[in-house]
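Trainee: First the structure, then my questions, so here it is.
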Protein chains: 4
Amino acid sequence: MIKAGVVGVTGYAGQEMVEILLHNPDVEITSLSSRVEKETPVSDMFPRLAKRVTIPCCPINPEKIASETDVIFLSLPHTVSMEYVPAFLAKGKRVIDLSADYRIPVDVYEKWYGFKHSDPNNIRKAVYGLPEMNRQSIKKASLVANPGCYPTSVILGLMPIAKNIISAGLDVVVDSKSGATGAGRKAALELSFSEVGENFKCYKANAHQHMPEMEHVLSGFSGSEFKLNFAPHLLPMRRGILSTIYVRHKGLPGAEEIHGLYQKLYAGEPFVRVKPLGELPQVKDVAGTNFCDIGLTVSAGMLIVVSVIDNLLKGASGQAMQNMNIMYGIDERRGLE
Amino acid sequence: MIKAGVVGVTGYAGQEMVEILLHNPDVEITSLSSRVEKETPVSDMFPRLAKRVTIPCCPINPEKIASETDVIFLSLPHTVSMEYVPAFLAKGKRVIDLSADYRIPVDVYEKWYGFKHSDPNNIRKAVYGLPEMNRQSIKKASLVANPGCYPTSVILGLMPIAKNIISAGLDVVVDSKSGATGAGRKAALELSFSEVGENFKCYKANAHQHMPEMEHVLSGFSGSEFKLNFAPHLLPMRRGILSTIYVRHKGLPGAEEIHGLYQKLYAGEPFVRVKPLGELPQVKDVAGTNFCDIGLTVSAGMLIVVSVIDNLLKGASGQAMQNMNIMYGIDERRGLE
Amino acid sequence: MIKAGVVGVTGYAGQEMVEILLHNPDVEITSLSSRVEKETPVSDMFPRLAKRVTIPCCPINPEKIASETDVIFLSLPHTVSMEYVPAFLAKGKRVIDLSADYRIPVDVYEKWYGFKHSDPNNIRKAVYGLPEMNRQSIKKASLVANPGCYPTSVILGLMPIAKNIISAGLDVVVDSKSGATGAGRKAALELSFSEVGENFKCYKANAHQHMPEMEHVLSGFSGSEFKLNFAPHLLPMRRGILSTIYVRHKGLPGAEEIHGLYQKLYAGEPFVRVKPLGELPQVKDVAGTNFCDIGLTVSAGMLIVVSVIDNLLKGASGQAMQNMNIMYGIDERRGLE
Amino acid sequence: MIKAGVVGVTGYAGQEMVEILLHNPDVEITSLSSRVEKETPVSDMFPRLAKRVTIPCCPINPEKIASETDVIFLSLPHTVSMEYVPAFLAKGKRVIDLSADYRIPVDVYEKWYGFKHSDPNNIRKAVYGLPEMNRQSIKKASLVANPGCYPTSVILGLMPIAKNIISAGLDVVVDSKSGATGAGRKAALELSFSEVGENFKCYKANAHQHMPEMEHVLSGFSGSEFKLNFAPHLLPMRRGILSTIYVRHKGLPGAEEIHGLYQKLYAGEPFVRVKPLGELPQVKDVAGTNFCDIGLTVSAGMLIVVSVIDNLLKGASGQAMQNMNIMYGIDERRGLE
């Protein structure tokens, strides 16, 4: 029985993490904590967990958390995770960090997040937790940087043809749309129902902090610099991300061959499903699951790839669970079926 | 040309007030103000008003506002309106207050709003601005207390049979459901899209501050004490209120006769529509309009009345416009068609 | 391993039934069928089940289905279930019927559903599948009539005080609100997004076919006739039911005592949670779970009970799973945690 | 007083057309018709029009309609409009057709709509009703082909730089998202609330019939062939279109200069608003209005233009009203403020 702790249970990813851990028969939740003032029954904070979780949510005490757990999930805002990671690693704990703090090189981080990183050494030790790319490294990792939600959908949508794109010198346009839980659980006028409902907007066009994450990871994977354009949008719905990816079909293999690359790369993957050529996935196909569904079509000289995930599962807590399963050598699907 | 000012344009009712005033060809908007720090173009605050409103939004300066206007609409939170009303009245201005500050007797106000009223004398001068009940008094009023959104839907739904209900000594159950704009424009976790979307809840059951308003007004109208039960609910939509009203059909006239009472009372009303007996209205029938649609059915020994309004129009700014038109002796429908 | 079949997988309850069965480690899905013309991969019909379900969806062939299964879930429209139930029972299969066909006496059925019942004898053999009321009978049943969605929320909300209400001769008003999946999966203008979104309506006030089901079951439970008023409403959301129940607090025990009756009756129930007195549940507390959460408050002389469920889980397929677990003597929570 | 008729009032554009005509003080609605079996009160079909429209909805009788009207708005499905247009033109009536039947050359139409055109001659007489492009021709037109909803948002977003794009030989990617009313008012499973709510999808990527319309119109405007890629998406909301347009910023003028081209072209336009450079519009800025708001930003070597409209107003009936006003030489804003 793996003893797991979740730090930061009050956010949407934290809550979802608890739900998933409850589904994993190999795991016992032994510690829940958050930036609360005092120990609080979880069911007071989240009535939906009443009768399901019996341990309380405690203030964050790293010593105590480390003593109670084998593996720790950090569902904290970026810049906060780095305050706790060193202590947990020093105690020999395995850490899966859902924040952005350990995903990208320190200079890129400091540029895009506008914050001095206090723990740059551990960035180098961290493994980027995308199983489809880094499964072998994740197995041996003590610190996993769980990917961002947009990057998960986009990187999985581009991986099979990333090298071809670089060779052909093509532009890539990524137009992503996310449900409102992606913006986190907080009081903010622009996230209120009356502002988001019946509304739709583009924000941070080519200026979102997930863009360098995608470029960094795809560059590392491809062995040369990978550049893309990225415009995220806010959907009037709760969960799900759909990324529409446009690549000019010039210098790329034929449609069937491209489709074959996707099928081949993801053939053994438990959580990636490639649609038949010409069919595109919808958010509802993956909502509430850890799947990433990918479809592609070539027409009018353009390759269009559509990739969908549940932002709180494959885009956050589900992928964290998958990573933990890999780290412990158990079936990747435990808790996620 | 009537010179109108709106104090408190940043809320949903304030914005809607501006939109409606723009539609009224007898009105010129001469003053817009709000609790802002400095003069700001309205289009910076609300891009949808760009090219439509040219005057800026200013900090609230009662002297200046009074000098620029004939009539002032106060779209302020309760407890704030009372800070400004005396000054405007002293200058001889007509005031339509959309807050709760002048709707109910001072003792009831202080009990339910938990706030010491600083201007109790003007409560007595205020006319409750429900045209269908108080048209003649509104004509002569200098201060109109614009009704609450829930009370508008409920009082209009009960007026035609209020006296019958009292005579028969019947219980009344009012189950109301409101869109999220009814909660105001503010940053609050419980109003965020991710909390309100795909959710539904009951709140303040028999403990909402609009309950005494309904009881007070219906009692005044009926000449004896009118009591009801009231449970409001929050809908995952932006606009609209539907109130389902249950009255045991015992000691009341027959269904046809009751229906006739509704038809008779509202026959000449420009903004109340009574459905054929047995047909019930839906929110979409009135969304974006100043109408209150009412339907009723009698079955299994129960009279069920359903009343719908747009909470920002007939439930707030539309009714305020109607009141202004009455005060100025012009067609009630100006700006509202 | 229990071999389970689902007849009628194309509806929302049918799909949900498959999802839940996949979660139950004691069950193997051995048959899926529907009114399709020919054998079809399930993933063609429901891409979200790709890689998760490997058997196809077949046309409904009772002989074949019976030969492949131990227990059969019928997710069919009312009037259709009764065509298949006799054959399955004759083969000694256990049947859980999610339609209304076996819930109420034949005369009540024929009156409210307007359809001549072709299998009245089996109605008498059927057990009404509300575990909190009929657990012992369910254990021994070969045919379980799974309760309606509204009735589940309302009966659980009234059971603890049903006898008190009858003794005191009180009126009961039930105002229920349901998400759109409750109306089924079908092409209908009035169910289209553009009609349901940003809209809210009351329908079939005191004329809905679930009203006699509630009255029949509560009467049987109480030993005397139980009458209530029932007005359902359609919410602009996908899943969930909230019922607000109003009972005059006259002749009933005190608030604390009533609350105690709820706590006592549901103390050992795995899927009913009673909130602290005065706190009310929300739909999101139970969405995606098999729980029924109940809260109550007494004020202004009225007892108000609020009951929430997920209409597709505790209101349909989740409860069916719970019933199957009871029939097989395994942990009721299997597949539902 | 202009006597106006609407043919096809049962769709969303038809209903909206009626609402707008009611707002236009220069217009009297003298004829409403639709494919109904017999004369029907409009308020029976659309309760929201009760007390507002008194003439009935009649079956489509071209003779009668022509005799009652000066101008006719056709809100009919494509392939149906062409059945009626010749008769109305022969009677000397002015016609504004909201369908696609007269927007594009007959060969393009027949290829993309898969239907033999029965009235090709009038296509040549029709003026494409985009006032910002064809105001002078609209003034003199007897037949206006009202633009499609997607094309309106995209063409306005590209017009100021269309020639520059062609000169520079650049790729254009258009990723558009539309509310569900864009799909029309009809019974269809894929348009049901339970399918569209909490879902998002891409459809007809580079295969939508509005793509050739955009290319044809922009080519005509630019004087050389204009090609683009176009992927539409379905939003879980009722109204509004947002188009995100990507053009590589290579061979184009600088950001400020591009912004200047937009400001200049639209300086005198009553219904196009250009945001300050770097600011992007949202759907709520234009919902319920006839405005098209456009914002643009240049970063990471890419020009990104965002264009928003209300699909039923500037994207359909509002633009039709604007066209009628132009045809009659009255203020373009009549009925649209």
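Note on naming: chains are A, B, ... as they come in the structure tokens, residues start from 1 per chain, ligands start from 1 in the order shown.
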I need the contact residues of chain A against chain C, so if you could list those with any atom within 7 Å, counting only C-alpha atoms, and return them as a PDB file with N, CA, C and O atoms, in the first residue's frame, that would help.

Mentor:
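Produced file part_35.pdb, reproduced below:
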ATOM      1  N   HIS A  23      -9.774   6.190  -5.918  1.00  0.00           N
ATOM      2  CA  HIS A  23     -10.070   5.107  -6.865  1.00  0.00           C
ATOM      3  C   HIS A  23      -8.925   4.105  -7.008  1.00  0.00           C
ATOM      4  O   HIS A  23      -9.111   3.063  -7.620  1.00  0.00           O
ATOM      5  N   PRO A  47     -18.107  19.138   0.690  1.00  0.00           N
ATOM      6  CA  PRO A  47     -19.150  18.198   1.122  1.00  0.00           C
ATOM      7  C   PRO A  47     -19.198  16.930   0.270  1.00  0.00           C
ATOM      8  O   PRO A  47     -19.613  15.884   0.753  1.00  0.00           O
ATOM      9  N   ARG A  48     -18.753  16.999  -0.974  1.00  0.00           N
ATOM     10  CA  ARG A  48     -18.838  15.796  -1.793  1.00  0.00           C
ATOM     11  C   ARG A  48     -17.889  14.701  -1.309  1.00  0.00           C
ATOM     12  O   ARG A  48     -18.022  13.541  -1.718  1.00  0.00           O
ATOM     13  N   ASP A 285     -15.670  13.239 -25.540  1.00  0.00           N
ATOM     14  CA  ASP A 285     -15.098  11.894 -25.675  1.00  0.00           C
ATOM     15  C   ASP A 285     -14.117  11.582 -24.546  1.00  0.00           C
ATOM     16  O   ASP A 285     -13.847  10.411 -24.262  1.00  0.00           O
ATOM     17  N   VAL A 286     -13.558  12.614 -23.947  1.00  0.00           N
ATOM     18  CA  VAL A 286     -12.520  12.386 -22.933  1.00  0.00           C
ATOM     19  C   VAL A 286     -12.860  12.990 -21.569  1.00  0.00           C
ATOM     20  O   VAL A 286     -12.130  12.744 -20.596  1.00  0.00           O
ATOM     21  N   GLU A 337      -9.251   4.051 -14.476  1.00  0.00           N
ATOM     22  CA  GLU A 337     -10.162   3.392 -15.423  1.00  0.00           C
ATOM     23  C   GLU A 337     -11.606   3.793 -15.182  1.00  0.00           C
ATOM     24  O   GLU A 337     -12.024   4.061 -14.083  1.00  0.00           O
TER      25      GLU A 337
END

Trainee: Determine, counting only C-alpha atoms, which protein, DNA and RNA residues have an atom within 9 Å of an atom of C:Phe193; residues of the same chain fewer than 4 positions away are not included. Present the result as a ChimeraX atom specification.

Mentor: /C:189,197,236 /D:180-181,191-197,236-238

Trainee: Pick out each residue of stretch 157-261 of chain A that DSSP on the backbone tags as alpha helix (DSSP H); I need them as an mmCIF file with N, CA and C atoms, in the first residue's frame.

Mentor:
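Saved the output as states_11.cif:
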data_model
loop_
_atom_site.group_PDB
_atom_site.id
_atom_site.type_symbol
_atom_site.label_atom_id
_atom_site.label_comp_id
_atom_site.auth_asym_id
_atom_site.auth_seq_id
_atom_site.Cartn_x
_atom_site.Cartn_y
_atom_site.Cartn_z
ATOM 1 N N GLY A 157 -0.246 16.131 -29.393
ATOM 2 C CA GLY A 157 -0.750 16.335 -30.752
ATOM 3 C C GLY A 157 0.347 16.555 -31.781
ATOM 4 N N LEU A 158 1.537 16.934 -31.328
ATOM 5 C CA LEU A 158 2.617 17.244 -32.273
ATOM 6 C C LEU A 158 3.766 16.238 -32.266
ATOM 7 N N ALA A 162 6.832 16.041 -34.988
ATOM 8 C CA ALA A 162 7.657 17.201 -34.605
ATOM 9 C C ALA A 162 8.925 17.264 -35.446
ATOM 10 N N LYS A 163 9.585 16.125 -35.631
ATOM 11 C CA LYS A 163 10.839 16.153 -36.404
ATOM 12 C C LYS A 163 10.573 16.495 -37.871
ATOM 13 N N ASN A 164 9.485 15.973 -38.404
ATOM 14 C CA ASN A 164 9.145 16.302 -39.795
ATOM 15 C C ASN A 164 8.887 17.786 -39.967
ATOM 16 N N ILE A 165 8.245 18.361 -38.997
ATOM 17 C CA ILE A 165 7.938 19.795 -39.075
ATOM 18 C C ILE A 165 9.221 20.616 -39.078
ATOM 19 N N ILE A 166 10.124 20.233 -38.198
ATOM 20 C CA ILE A 166 11.394 20.963 -38.147
ATOM 21 C C ILE A 166 12.145 20.810 -39.462
ATOM 22 N N SER A 167 12.196 19.586 -39.965
ATOM 23 C CA SER A 167 12.905 19.360 -41.242
ATOM 24 C C SER A 167 12.318 20.205 -42.354
ATOM 25 N N ALA A 168 11.013 20.281 -42.373
ATOM 26 C CA ALA A 168 10.363 20.998 -43.469
ATOM 27 C C ALA A 168 10.321 22.498 -43.234
ATOM 28 N N PHE A 193 -19.464 33.594 -13.107
ATOM 29 C CA PHE A 193 -20.387 32.981 -14.058
ATOM 30 C C PHE A 193 -20.972 34.012 -15.004
ATOM 31 N N SER A 194 -21.325 35.168 -14.462
ATOM 32 C CA SER A 194 -21.983 36.178 -15.302
ATOM 33 C C SER A 194 -21.038 36.775 -16.337
ATOM 34 N N GLU A 195 -19.739 36.645 -16.123
ATOM 35 C CA GLU A 195 -18.771 37.136 -17.104
ATOM 36 C C GLU A 195 -18.377 36.049 -18.103
ATOM 37 N N VAL A 196 -18.269 34.817 -17.631
ATOM 38 C CA VAL A 196 -17.790 33.718 -18.486
ATOM 39 C C VAL A 196 -18.936 33.071 -19.270
ATOM 40 N N HIS A 210 2.642 28.918 -21.075
ATOM 41 C CA HIS A 210 2.743 27.523 -21.509
ATOM 42 C C HIS A 210 3.415 27.389 -22.876
ATOM 43 N N MET A 211 3.547 28.484 -23.589
ATOM 44 C CA MET A 211 4.171 28.420 -24.916
ATOM 45 C C MET A 211 5.644 27.998 -24.818
ATOM 46 N N PRO A 212 6.436 28.654 -23.961
ATOM 47 C CA PRO A 212 7.838 28.198 -23.858
ATOM 48 C C PRO A 212 7.948 26.759 -23.330
ATOM 49 N N GLU A 213 6.997 26.320 -22.520
ATOM 50 C CA GLU A 213 7.038 24.936 -22.040
ATOM 51 C C GLU A 213 6.901 23.970 -23.223
ATOM 52 N N MET A 214 5.932 24.261 -24.095
ATOM 53 C CA MET A 214 5.750 23.400 -25.272
ATOM 54 C C MET A 214 6.988 23.414 -26.157
ATOM 55 N N GLU A 215 7.504 24.626 -26.390
ATOM 56 C CA GLU A 215 8.658 24.739 -27.285
ATOM 57 C C GLU A 215 9.880 24.043 -26.689
ATOM 58 N N HIS A 216 10.080 24.212 -25.395
ATOM 59 C CA HIS A 216 11.227 23.590 -24.741
ATOM 60 C C HIS A 216 11.146 22.066 -24.823
ATOM 61 N N VAL A 217 9.978 21.532 -24.525
ATOM 62 C CA VAL A 217 9.833 20.078 -24.480
ATOM 63 C C VAL A 217 9.914 19.487 -25.887
ATOM 64 N N LEU A 218 9.265 20.128 -26.835
ATOM 65 C CA LEU A 218 9.306 19.598 -28.196
ATOM 66 C C LEU A 218 10.693 19.765 -28.820
ATOM 67 N N SER A 219 11.393 20.810 -28.442
ATOM 68 C CA SER A 219 12.772 20.969 -28.916
ATOM 69 C C SER A 219 13.650 19.858 -28.355
ATOM 70 N N GLY A 220 13.525 19.597 -27.082
ATOM 71 C CA GLY A 220 14.318 18.533 -26.456
ATOM 72 C C GLY A 220 14.022 17.192 -27.105
ATOM 73 N N PHE A 221 12.753 16.960 -27.370
ATOM 74 C CA PHE A 221 12.356 15.683 -27.963
ATOM 75 C C PHE A 221 12.884 15.555 -29.397
ATOM 76 N N SER A 222 12.868 16.673 -30.129
ATOM 77 C CA SER A 222 13.226 16.625 -31.555
ATOM 78 C C SER A 222 14.713 16.761 -31.803
ATOM 79 N N ALA A 255 -0.913 12.151 -46.180
ATOM 80 C CA ALA A 255 -1.859 12.065 -45.077
ATOM 81 C C ALA A 255 -1.856 10.678 -44.427
ATOM 82 N N GLU A 256 -1.921 9.654 -45.236
ATOM 83 C CA GLU A 256 -1.939 8.295 -44.690
ATOM 84 C C GLU A 256 -0.673 8.012 -43.900
ATOM 85 N N GLU A 257 0.434 8.474 -44.444
ATOM 86 C CA GLU A 257 1.704 8.205 -43.778
ATOM 87 C C GLU A 257 1.797 8.953 -42.446
ATOM 88 N N ILE A 258 1.330 10.189 -42.452
ATOM 89 C CA ILE A 258 1.310 10.944 -41.183
ATOM 90 C C ILE A 258 0.434 10.221 -40.165
ATOM 91 N N HIS A 259 -0.729 9.813 -40.612
ATOM 92 C CA HIS A 259 -1.621 9.100 -39.707
ATOM 93 C C HIS A 259 -0.941 7.850 -39.150
ATOM 94 N N GLY A 260 -0.179 7.187 -40.025
ATOM 95 C CA GLY A 260 0.556 6.003 -39.580
ATOM 96 C C GLY A 260 1.589 6.333 -38.499
ATOM 97 N N LEU A 261 2.208 7.494 -38.599
ATOM 98 C CA LEU A 261 3.177 7.896 -37.565
ATOM 99 C C LEU A 261 2.497 8.032 -36.203
#

Trainee: Distance atom CA of D:Leu312-atom CA of D:Cys149, one decimal place?

Mentor: 7.7 Å

Trainee: Give me, as an MDAnalysis selection string, all polymer residues having an atom no more than 7 Å from stretch 182-185 of chain C, counting only C-alpha atoms and skipping those fewer than 3 positions away in the same chain.

Mentor: chainID C and resid 11:12 178:179 311

Trainee: Run DSSP on the backbone and tell me which residues of stretch 88-330 of chain D come out as strand (DSSP E or B); list them as a ChimeraX atom specification.

Mentor: /D:94-97,127-128,143-145,172-178,192,201-202,229-234,241-248,272-274,282,292-299,302-309

Trainee: Given the selection you just returned, output its residues as a file containing C-alpha atoms, formatted as a compact mmCIF listing (two decimals), in the first residue's frame.

Mentor:
# COMPACT_ATOMS: atom_id res chain seq x y z
CA ARG D 94 -36.72 44.75 -52.91
CA VAL D 95 -35.41 41.53 -51.50
CA ILE D 96 -32.85 40.85 -48.80
CA ASP D 97 -32.03 37.17 -48.77
CA VAL D 127 -25.18 42.54 -54.34
CA TYR D 128 -23.23 40.97 -51.51
CA LEU D 143 -31.57 41.95 -54.44
CA VAL D 144 -29.11 41.83 -51.56
CA ALA D 145 -27.40 38.58 -50.64
CA VAL D 172 -3.92 32.59 -43.51
CA VAL D 173 -5.38 30.38 -40.81
CA VAL D 174 -8.87 31.18 -39.56
CA ASP D 175 -10.06 29.40 -36.43
CA SER D 176 -13.69 30.38 -35.80
CA LYS D 177 -15.99 29.50 -32.93
CA SER D 178 -19.75 29.93 -33.04
CA SER D 192 -29.32 18.90 -27.99
CA LYS D 201 -15.82 20.41 -31.07
CA CYS D 202 -14.26 21.26 -34.40
CA ASN D 229 -7.78 27.88 -44.21
CA PHE D 230 -10.91 27.73 -42.11
CA ALA D 231 -11.91 25.49 -39.24
CA PRO D 232 -15.21 26.25 -37.48
CA HIS D 233 -16.01 25.08 -33.94
CA LEU D 234 -19.21 24.78 -31.91
CA ILE D 241 -18.88 34.24 -33.11
CA LEU D 242 -15.22 34.81 -32.40
CA SER D 243 -12.74 34.32 -35.21
CA THR D 244 -9.04 34.10 -34.47
CA ILE D 245 -7.05 34.85 -37.61
CA TYR D 246 -3.36 34.02 -37.91
CA VAL D 247 -1.11 35.56 -40.54
CA ARG D 248 2.66 35.29 -40.49
CA VAL D 272 -17.16 48.32 -36.75
CA ARG D 273 -14.98 49.17 -33.80
CA VAL D 274 -11.22 48.70 -33.86
CA GLN D 282 -14.67 39.35 -26.40
CA CYS D 292 -18.16 43.87 -35.18
CA ASP D 293 -15.26 44.47 -32.81
CA ILE D 294 -11.75 43.81 -34.06
CA GLY D 295 -8.48 43.63 -32.18
CA LEU D 296 -5.01 42.70 -33.31
CA THR D 297 -1.64 41.93 -31.88
CA VAL D 298 1.73 41.15 -33.38
CA SER D 299 4.11 38.95 -31.45
CA MET D 302 2.74 36.43 -36.10
CA LEU D 303 -0.11 38.83 -36.69
CA ILE D 304 -3.17 37.65 -34.79
CA VAL D 305 -6.51 39.31 -35.52
CA VAL D 306 -9.55 38.61 -33.38
CA SER D 307 -12.97 39.55 -34.70
CA VAL D 308 -16.26 39.16 -32.82
CA ILE D 309 -19.90 39.55 -33.80

Trainee: Near stretch 71-75 of chain B, within 8 Å and counting only C-alpha atoms, which residues show up once chain neighbours fewer than 4 positions away are dropped, as a PyMOL selection string?

Mentor: chain B and resi 2-9+11+13-14+81+93-99+320

Trainee: As a PyMOL selection string, please: the residues near stretch 328-330 of chain B (cut-off 12 Å, only C-alpha atoms, same-chain neighbours under 6 positions excluded).

Mentor: chain B and resi 1-4+24-27+70-71+94+135-136+138-142+321-322

Trainee: Which neighbours of B:His78 fall inside 8 Å, counting only C-alpha atoms, when residues of the same chain fewer than 2 positions from it are skipped, and could you give them as a ChimeraX atom specification?

Mentor: /B:76,80-82,99-101

Trainee: Convert the current residue selection to file output with N, CA and C atoms, as a compact mmCIF listing (two decimals), in the first residue's frame.

Mentor:
# COMPACT_ATOMS: atom_id res chain seq x y z
N LEU B 76 -26.85 51.42 -6.76
CA LEU B 76 -25.83 51.25 -5.73
C LEU B 76 -26.22 50.10 -4.81
N VAL B 80 -25.64 52.04 0.67
CA VAL B 80 -24.87 53.11 0.02
C VAL B 80 -25.82 54.18 -0.55
N SER B 81 -26.93 53.74 -1.08
CA SER B 81 -27.88 54.71 -1.65
C SER B 81 -28.25 55.78 -0.64
N MET B 82 -28.51 55.36 0.57
CA MET B 82 -28.99 56.33 1.57
C MET B 82 -27.99 57.44 1.86
N SER B 99 -31.69 50.30 -5.09
CA SER B 99 -31.30 49.50 -3.92
C SER B 99 -32.51 49.23 -3.04
N ALA B 100 -32.28 48.54 -1.95
CA ALA B 100 -33.37 48.20 -1.02
C ALA B 100 -33.61 49.27 0.03
N ASP B 101 -32.86 50.38 -0.03
CA ASP B 101 -32.83 51.29 1.11
C ASP B 101 -34.15 51.99 1.43

Trainee: What does the structure give for the distance between atom CA of B:Pro86 and atom CA of B:Gly148, in Å to one decimal?

Mentor: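 The value is 21.0 Å.
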
Trainee: Which is closest to D:Glu110 among D:Asn61, D:Gln209, D:Thr152, D:Thr54, if we use only C-alpha atoms?

Mentor: D:Gln209
